[in-house]
Amino acid sequence: MRLSGVSLVYGSRGRFPRRGGNPVEALRDIDATVGIGEFVTIVGPSGCGKSTLLRLVAGFAFPTGGQVAVSGVPVTGPGPDRGVVFQQPRLFPWLSVRRNVEFGPRMAGMPAVRRRERAAELLELVGLSDSAGRRPYELSGGMQQRAAIARALAPDPAILLMDEPFAALDALTRERLQEEIRGIWQTTGKTVLFVTHSVDEAVYLGTRILVLSRRPGRLVLDQASDLPLASDPHTHPAFTSVRETIAAAVRRSASDEEVT
Ligand SMILES: Nc1ncnc2c1ncn2[C@@H]1O[C@H](COP(=O)(O)OP(=O)(O)OP(=O)(O)O)[C@@H](O)[C@H]1O
C-alpha cells in the first residue's frame with residue numbers, strides 16, 4: 001500500500017461540501033509505504049485526520065491531492081481486498097452472529113457450504129464458536145467487536161483497516177482484545193492499519209507507528225518497533241523507550257513543534 005503526497009481538504013472542489021462552512025484541510029502531503037504483513041498503528045492528537053487517512057485507504061473518501069494505491073492500483077472505492085472494523089461494531093441486528101460473518105461471502109456469491117465453513121473457521125479464530133447462533137444484542141461489547149472482526153475477515157482481505165476498534169470497550173476487555181488481535185494478525189499474516197488515540201495501544205500493537213501532527217495532519221514520525229512478538233511487549237525493556245519516543249512525538253505534534 002502506498003500513499004504518495006496524499007492531501008485532503010474537506011469542502012474543496014465541491015467534494016464533501018460543508019454547508020455554510022469553510023474548507024477544512026484534514027491531511028497534508030502524506031507519504032508512506034506499508035509492506036505486506038506489517039502492523040502499522042496511527043496515533044496523533046484528536047482531529048488530526050487519522051480516521052480520514054483510513055477512509056482514504058478504505059476507498060470511502062478520495063484525496064484532493066496525491067494518490068493512494070493498493071497493490072500498485074489506485075484506490076477508486078471500497079473492495080474485498082480491504083476489510084474495515086469501526087469503533088462501533090455495526091453488525092446487522094436481525095442476523096445471527098454466523099449470518100453476519102457470512103454476509104460478505106454471501107454477497108460475493110460464495111456457495112453456502114463454503115460460506116459456513118469460512119464462518120466457522122473465523123468464529124473459532126475470534127473465540128465465538130459457542131455464540132454463532134446468537135443475535136448481536138445478546139452479546140457483550142467485546143463479543144460484538146470480535147464478531148465485527150470476523151465479519152471483516154470473511155472476504156479474506158489482504159488488508160485489515162481498524163478505526164479505534166477498542167476505544168468504546170472497558171479496560172479489561174480492551175486489553176484482552178489487543179492480545180487477541182495480535183494473535184489474529186500473527187495467525188493470518190494480514191497487513192493491518194490501526195488507528196488509535198492511545199500511545200500505549202499504538203506501541204503494544206504496532207510493528208511500526210506513524211505519528212500525525214495536529215490538523216492538518218502531516219506525518220511527523222514513522223517509527224519501526226522491533227519488540228519481540230513471542231512475549232508480552234509490556235514486559236520488554238524496549239517498550240518503555242519506544243513508548244517514550246512516541247509519547248514525546250505526540251506531545252510535540254499536539255503543540256505543533258516540528259519533530260526531528
Ligand atoms: N465529512 C467531513 N466534512 C468536513 N470536515 C470533516 C469531515 N470529516 C472530518 N472532518 C474534519 O477533518 C478533521 C480530521 O477528522 P478525522 O475524523 O479524520 O480526525 P481524527 O484524527 O480521526 O479525529 P479523532 O481522533 O477525534 O477521532 C477534523 O477537523 C474533522 O472535524
# chains A, B, ... in the order shown; residues from 1 in each chain; ligands from 1
call {"tool": "closest_atom_pairs", "arguments": {"of": "chain A", "to": "ligand 1", "cutoff": "6 Å", "atoms": "only C-alpha atoms and all ligand atoms", "output": "CSV"}}
result
residue,atom,partner,partner_atom_place_in_ligand_line,distance
A:Tyr10,CA,ligand 1,4 (C),4.9
A:Phe16,CA,ligand 1,3 (N),5.6
A:Arg18,CA,ligand 1,4 (C),5.8
A:Val24,CA,ligand 1,5 (N),5.6
A:Ala26,CA,ligand 1,12 (O),4.6
A:Ser46,CA,ligand 1,25 (O),3.6
A:Gly47,CA,ligand 1,23 (O),3.3
A:Cys48,CA,ligand 1,21 (O),3.9
A:Gly49,CA,ligand 1,18 (O),3.2
A:Lys50,CA,ligand 1,21 (O),3.9
A:Ser51,CA,ligand 1,22 (O),3.7
A:Thr52,CA,ligand 1,18 (O),3.6
call {"tool": "residues_around", "arguments": {"residues": "A:Phe86", "least_positions_apart": "6", "cutoff": "10 Å", "atoms": "only C-alpha atoms", "output": "PDB file with C-alpha atoms, in the first residue's frame"}}
result
ATOM      1  CA  SER A  51      -9.822   8.364  10.503  1.00  0.00           C
ATOM      2  CA  GLN A 145     -16.374  -6.376  18.317  1.00  0.00           C
ATOM      3  CA  ALA A 148     -17.150  -7.460  13.638  1.00  0.00           C
ATOM      4  CA  ILE A 149     -13.514  -8.564  13.228  1.00  0.00           C
ATOM      5  CA  ALA A 152     -14.289  -8.007   8.229  1.00  0.00           C
ATOM      6  CA  LEU A 161      -8.321  -1.377   8.459  1.00  0.00           C
ATOM      7  CA  MET A 162      -9.240  -0.732  12.087  1.00  0.00           C
ATOM      8  CA  ASP A 163     -10.545   2.643  13.279  1.00  0.00           C
ATOM      9  CA  GLU A 164     -10.260   2.811  17.093  1.00  0.00           C
ATOM     10  CA  PRO A 165     -11.913  -0.606  17.320  1.00  0.00           C
ATOM     11  CA  PHE A 166     -11.428  -0.982  21.074  1.00  0.00           C
ATOM     12  CA  ALA A 167     -11.993   2.617  22.179  1.00  0.00           C
ATOM     13  CA  VAL A 195      -5.949   3.972  14.274  1.00  0.00           C
TER      14      VAL A 195
END
call {"tool": "select_by_dssp", "arguments": {"residues": "stretch 90-178 of chain A", "states": "helix (DSSP H, G or I)", "output": "ChimeraX atom specification"}}
result
/A:97-107,112-125,129-131,136-138,141-153,171-178
call {"tool": "write_last_selection", "arguments": {"atoms": "C-alpha atoms", "output": "PDB file, in the first residue's frame"}}
result
ATOM      1  CA  VAL A  97     -23.508 -13.799  14.507  1.00  0.00           C
ATOM      2  CA  ARG A  98     -22.846 -16.554  11.969  1.00  0.00           C
ATOM      3  CA  ARG A  99     -25.014 -14.880   9.336  1.00  0.00           C
ATOM      4  CA  ASN A 100     -23.330 -11.541   9.986  1.00  0.00           C
ATOM      5  CA  VAL A 101     -19.980 -13.196   9.264  1.00  0.00           C
ATOM      6  CA  GLU A 102     -21.378 -14.941   6.197  1.00  0.00           C
ATOM      7  CA  PHE A 103     -22.870 -11.730   4.829  1.00  0.00           C
ATOM      8  CA  GLY A 104     -19.878 -10.588   2.719  1.00  0.00           C
ATOM      9  CA  PRO A 105     -19.144 -14.025   1.238  1.00  0.00           C
ATOM     10  CA  ARG A 106     -22.876 -14.454   0.521  1.00  0.00           C
ATOM     11  CA  MET A 107     -22.933 -11.139  -1.385  1.00  0.00           C
ATOM     12  CA  ALA A 112     -23.417 -21.999   1.109  1.00  0.00           C
ATOM     13  CA  VAL A 113     -21.269 -24.901   2.270  1.00  0.00           C
ATOM     14  CA  ARG A 114     -18.028 -22.997   1.813  1.00  0.00           C
ATOM     15  CA  ARG A 115     -19.581 -19.941   3.454  1.00  0.00           C
ATOM     16  CA  ARG A 116     -20.492 -21.954   6.533  1.00  0.00           C
ATOM     17  CA  GLU A 117     -17.022 -23.441   6.766  1.00  0.00           C
ATOM     18  CA  ARG A 118     -15.481 -19.994   6.449  1.00  0.00           C
ATOM     19  CA  ALA A 119     -17.746 -18.526   9.152  1.00  0.00           C
ATOM     20  CA  ALA A 120     -16.992 -21.474  11.461  1.00  0.00           C
ATOM     21  CA  GLU A 121     -13.211 -21.023  10.976  1.00  0.00           C
ATOM     22  CA  LEU A 122     -13.438 -17.304  11.697  1.00  0.00           C
ATOM     23  CA  LEU A 123     -15.723 -17.650  14.710  1.00  0.00           C
ATOM     24  CA  GLU A 124     -13.244 -20.162  16.099  1.00  0.00           C
ATOM     25  CA  LEU A 125     -10.412 -17.692  15.418  1.00  0.00           C
ATOM     26  CA  SER A 129     -17.918 -20.558  18.168  1.00  0.00           C
ATOM     27  CA  ASP A 130     -20.371 -21.001  21.032  1.00  0.00           C
ATOM     28  CA  SER A 131     -22.239 -17.807  20.144  1.00  0.00           C
ATOM     29  CA  PRO A 136     -25.682  -9.205  18.295  1.00  0.00           C
ATOM     30  CA  TYR A 137     -27.831  -7.689  21.089  1.00  0.00           C
ATOM     31  CA  GLU A 138     -27.304 -10.862  23.117  1.00  0.00           C
ATOM     32  CA  GLY A 141     -19.492  -5.153  23.570  1.00  0.00           C
ATOM     33  CA  GLY A 142     -16.259  -7.137  23.362  1.00  0.00           C
ATOM     34  CA  MET A 143     -18.009 -10.110  21.786  1.00  0.00           C
ATOM     35  CA  GLN A 144     -19.720  -7.839  19.282  1.00  0.00           C
ATOM     36  CA  GLN A 145     -16.374  -6.376  18.317  1.00  0.00           C
ATOM     37  CA  ARG A 146     -14.957  -9.902  17.897  1.00  0.00           C
ATOM     38  CA  ALA A 147     -17.877 -10.662  15.583  1.00  0.00           C
ATOM     39  CA  ALA A 148     -17.150  -7.460  13.638  1.00  0.00           C
ATOM     40  CA  ILE A 149     -13.514  -8.564  13.228  1.00  0.00           C
ATOM     41  CA  ALA A 150     -14.654 -11.972  11.957  1.00  0.00           C
ATOM     42  CA  ARG A 151     -17.032 -10.284   9.544  1.00  0.00           C
ATOM     43  CA  ALA A 152     -14.289  -8.007   8.229  1.00  0.00           C
ATOM     44  CA  LEU A 153     -12.020 -11.030   7.726  1.00  0.00           C
ATOM     45  CA  ALA A 171     -10.119  -1.518  30.056  1.00  0.00           C
ATOM     46  CA  LEU A 172     -10.028  -5.255  30.751  1.00  0.00           C
ATOM     47  CA  THR A 173     -11.885  -6.234  27.582  1.00  0.00           C
ATOM     48  CA  ARG A 174      -9.736  -3.832  25.618  1.00  0.00           C
ATOM     49  CA  GLU A 175      -6.536  -5.496  26.882  1.00  0.00           C
ATOM     50  CA  ARG A 176      -7.868  -8.919  26.055  1.00  0.00           C
ATOM     51  CA  LEU A 177      -8.840  -7.867  22.544  1.00  0.00           C
ATOM     52  CA  GLN A 178      -5.458  -6.209  21.992  1.00  0.00           C
TER      53      GLN A 178
END
call {"tool": "closest_residue", "arguments": {"among": "A:Ser96, A:Thr76, A:Ser253, A:Thr240", "to": "A:Pro63", "atoms": "only C-alpha atoms"}}
result
A:Thr76
call {"tool": "residues_around", "arguments": {"residues": "A:Arg82", "least_positions_apart": "6", "cutoff": "7 Å", "atoms": "only C-alpha atoms", "output": "VMD selection string"}}
result
chain A and resid 58 157 to 161
call {"tool": "atom_distance", "arguments": {"atom1": "atom CA of A:Val68", "atom2": "atom CA of A:Met1"}}
result
7.5 Å
call {"tool": "closest_residue", "arguments": {"among": "A:Gly5, A:Pro216, A:Gly72, A:Pro78", "to": "A:Asp29", "atoms": "only C-alpha atoms"}}
result
A:Gly5
call {"tool": "atom_distance", "arguments": {"atom1": "atom CA of A:Val57", "atom2": "atom CA of A:Asp222"}}
result
17.7 Å
call {"tool": "select_by_dssp", "arguments": {"residues": "stretch 81-260 of chain A", "states": "strand (DSSP E)", "output": "PyMOL selection string"}}
result
chain A and resi 82-85+159-163+191-196+208-212+219-224
call {"tool": "closest_residue", "arguments": {"among": "A:Gln223, A:Ser12, A:Thr41, A:Thr187", "to": "A:Leu54", "atoms": "only C-alpha atoms"}}
result
A:Thr41
call {"tool": "atom_distance", "arguments": {"atom1": "atom CA of A:Ser140", "atom2": "atom CA of A:Val84"}}
result
20.2 Å
call {"tool": "closest_residue", "arguments": {"among": "A:Gly77, A:Pro111, A:Gly37, A:Gly44", "to": "A:Arg218", "atoms": "only C-alpha atoms"}}
result
A:Gly44
call {"tool": "residues_around", "arguments": {"residues": "A:Gly217", "least_positions_apart": "2", "cutoff": "7 Å", "atoms": "only C-alpha atoms", "output": "list in words"}}
result
Ala26, Leu27, Arg28, Cys48, Gly49, Leu212, Ser213, Arg214, Arg215 and Leu219 of chain A
call {"tool": "closest_residue", "arguments": {"among": "A:Val220, A:Leu169, A:Ala132, A:Leu8", "to": "A:Ala61", "atoms": "only C-alpha atoms"}}
result
A:Leu8
